[in-house]
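*Asks:* Mind having a look at this structure? Questions to follow.
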Amino acid sequence: MESYGEILKNTRESKNIDIDAVVSQTTISRKYIEALENEKDSDFPGEPYFIGFLKNYCEYLGIESAELLKLYHAKKIQEAPVPVQLLEKKRSKYLVPVIVLSSTLAFIITAVCVSVFVLIPKYKAKKAEELAYINTPTTYVINYELSAEEIETAFGSEKYSVISPVETLNKRVYKGDQIVIAKKDGDIRLVVSDTLGKLVIKTPSGSQVISLTEERLLDVDGDGRSELVVYLSEIDNNNEKNGAEIRLFTKDENLLSASETDINEIETVQTALLNTPRQKVIHESNRAYPFSVEVSFRGPCLFRYSPDRQDYIENFYKSGEQVSQTTNNGIRLWMSNSNALAIKVVADTSRIDLPVGAAGAVSVEEIKWVRDTDGKYKLVVVTLD
């Protein structure tokens with residue numbers, strides 16, 4: 001049977017990941033990565049640190065940490081010295097019963113005293129140390145414009161993790177954690193201030209309270225535009241130290257570097273063709289601009305989408321997963337089970353929910369700008385065969 005160190009090393013090598021990549025993406029130092037793979041638990045300041053790093057490394061590699069912890073504890077038991085009592089000669093069976101009874105009582109009293117005055121304080125100290133490590137505030141940096149050197153200079157003294165604007169952050173966050181939008185003209189900091197029953201995030205424009213299974217658009221700098229989408233998938237009603245499981249992604253089209261809408265690509269239609277069963281107007285404006293489509297899945301579905309006539313992007317999604325796409329002129333959607341998802345279109349400050357089809361129904365829809373004969377631009381949903 002493989003040891004826990006061999007499993008870690010073999011899994012990493014099977015995925016063609018070098019140690020430098022692990023260090024960069026997990027913020028665990030090379031010294032501790034090598035110590036985990038070589039099973040040198042004595043290199044860690046204490047067992048809570050070892051366990052914390054092992055869990056983080058397992059999560060990164062996609063391994064069940066519980067199994068590796070069993071192997072670790074089994075190894076510790078094998079390496080433990082034989083108790084002195086087993087090496088002592090057995091006492092004579094003819095000892096006076098009174099002496100035996102006295103020794104037993106003395107042992108029980110001693111054990112109770114040790115538990116009260118030694119073991120319990122040590123246990124509490126160990127748990128406090130472990131919780132202190134697990135709940136060390138983490139800074140998640142959404143980096144738009146800074147170089148790696150600038151990030152290191154700005155956040156080198158903190159525990160941080162860098163993600164790009166187009167990534168989705170799926171993490172368990174804890175009270176005190178920060179989400180930083182890093183830009184050259186100044187950082188915007190969001191702070192997780194409460195994780196008991198409801199998630200509370202402090203932003204420069206005020207605190208945002210998010211309930212379980214709620215999806216919230218955040219205007220982080222108070223300019224009237226929503227830059228982030230946060231979905232709360234799990235939270236503890238009784239213990240804030242358990243944190244909150246969130247899914248976070250950017251939605252602001254300017255932050256995502258979306259180009260301007262090409263007016264020449266927008267077709268002109270007659271008013272008579274609009275608001276029909278196959279072509280419904282959901283928004284109108286005096287100008288056309290990039291808009292976002294947010295898809296939340298509540299069941300299994302094969303989903304395909306093509307923004308601005310580009311190649312299709314296809315994947316199979318499960319309940320709880322999400323897709324967010326910013327497009328300039330239009331986007332085409334293909335759904336194998338249209339009842340298994342919810343679609344929201346975000347255009348400027350408007351947020352429009354699109355109706356869903358029947359369970360198991362395959363549907364194809366296109367959401368795009370068109371120019372009406374009155375000169376106005378209208379965002380329409382076209383049902384395709």
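Labels for the structure tokens follow display order: chains A, B, ..., residues from 1 in each chain, ligands from 1.
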Give me the residues near A:Arg189 as a short mmCIF file (atom, residue, chain, number, x, y, z; two decimals) with N, CA and C atoms, in the first residue's frame, where near means some atom within 12 Å (using only C-alpha atoms) and where sequence neighbours in that chain fewer than 5 positions away do not count.

*Replies:*
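Output (selection.cif):
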```cif
data_model
loop_
_atom_site.label_atom_id
_atom_site.label_comp_id
_atom_site.auth_asym_id
_atom_site.auth_seq_id
_atom_site.Cartn_x
_atom_site.Cartn_y
_atom_site.Cartn_z
N THR A 139 -6.31 36.88 1.70
CA THR A 139 -6.65 37.95 0.77
C THR A 139 -6.70 37.36 -0.64
N TYR A 140 -7.85 37.45 -1.30
CA TYR A 140 -8.01 36.99 -2.68
C TYR A 140 -7.91 38.21 -3.59
N VAL A 141 -6.89 38.23 -4.43
CA VAL A 141 -6.61 39.40 -5.27
C VAL A 141 -7.11 39.14 -6.68
N ILE A 142 -8.09 39.92 -7.10
CA ILE A 142 -8.56 39.88 -8.50
C ILE A 142 -7.71 40.90 -9.25
N GLY A 176 -13.03 37.93 8.25
CA GLY A 176 -11.73 38.58 8.16
C GLY A 176 -11.07 38.45 6.80
N ASP A 177 -11.52 37.48 5.98
CA ASP A 177 -10.96 37.36 4.64
C ASP A 177 -11.27 38.60 3.81
N GLN A 178 -10.40 38.88 2.84
CA GLN A 178 -10.59 40.05 1.99
C GLN A 178 -10.60 39.64 0.51
N ILE A 179 -11.38 40.35 -0.27
CA ILE A 179 -11.39 40.22 -1.73
C ILE A 179 -10.96 41.57 -2.27
N VAL A 180 -9.83 41.61 -2.96
CA VAL A 180 -9.25 42.88 -3.41
C VAL A 180 -9.29 42.96 -4.93
N ILE A 181 -9.88 44.03 -5.45
CA ILE A 181 -9.82 44.32 -6.88
C ILE A 181 -8.60 45.21 -7.07
N ALA A 182 -7.53 44.64 -7.63
CA ALA A 182 -6.24 45.32 -7.74
C ALA A 182 -6.13 46.05 -9.08
N LYS A 183 -6.04 47.39 -9.00
CA LYS A 183 -5.88 48.22 -10.19
C LYS A 183 -4.82 49.27 -9.93
N ILE A 201 -20.67 41.18 3.66
CA ILE A 201 -19.45 41.67 3.02
C ILE A 201 -19.45 43.19 3.08
N LYS A 202 -18.40 43.75 3.68
CA LYS A 202 -18.26 45.21 3.73
C LYS A 202 -17.59 45.70 2.46
N THR A 203 -18.22 46.68 1.80
CA THR A 203 -17.66 47.29 0.59
C THR A 203 -17.52 48.79 0.83
N PRO A 204 -16.76 49.49 0.00
CA PRO A 204 -16.64 50.94 0.16
C PRO A 204 -17.98 51.67 0.10
N SER A 205 -18.98 51.04 -0.53
CA SER A 205 -20.30 51.68 -0.64
C SER A 205 -21.29 51.16 0.39
N GLY A 206 -20.82 50.36 1.38
CA GLY A 206 -21.72 49.85 2.42
C GLY A 206 -21.67 48.33 2.52
N VAL A 220 -19.28 47.54 -6.01
CA VAL A 220 -18.25 47.62 -4.97
C VAL A 220 -17.71 49.02 -4.73
N ASP A 221 -17.84 49.92 -5.72
CA ASP A 221 -17.26 51.24 -5.55
C ASP A 221 -18.30 52.37 -5.57
#
```

*Asks:* Write out as a PyMOL selection string the residues lying within 12 Å of stretch 34-41 of chain A, counting only C-alpha atoms and excluding same-chain residues fewer than 2 positions away.

*Replies:* chain A and resi 2-13+18-20+22-23+28-32+43-58+68-69+71-73+75-76

*Asks:* For each of A:Gly243, A:Val230, A:Pro290, A:Asn170, take the minimum atom-to-atom distance to A:Gly197, counting only C-alpha atoms, then give the residue where this is smallest.

*Replies:*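 Using only C-alpha atoms, A:Gly197 sits closest to A:Gly243.
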
*Asks:* One decimal, Å: what's the distance from atom CA of A:Glu314 over to atom CA of A:Gly330, could you say?

*Replies:*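 Atom CA of A:Glu314 sits 17.1 Å away from atom CA of A:Gly330.
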
*Asks:* Neighbours of A:Gln279 within 6 Å (only C-alpha atoms; same-chain residues fewer than 3 positions away dropped), as a list in words?

*Replies:*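 Final neighbour list, sorted by chain and number: Leu274, Asn275, Thr276, Val381 and Val382 of chain A.
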
*Asks:* Can you tell me which residues surround stretch 214-217 of chain A at a distance of at most 6 Å, considering only C-alpha atoms, apart from same-chain residues fewer than 6 positions away, and format the answer as a list of chain:residue names?

*Replies:*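 My list of contacting residues is A:Ser226, A:Leu228, A:Val229, A:Val230, A:Tyr231, A:Leu232.
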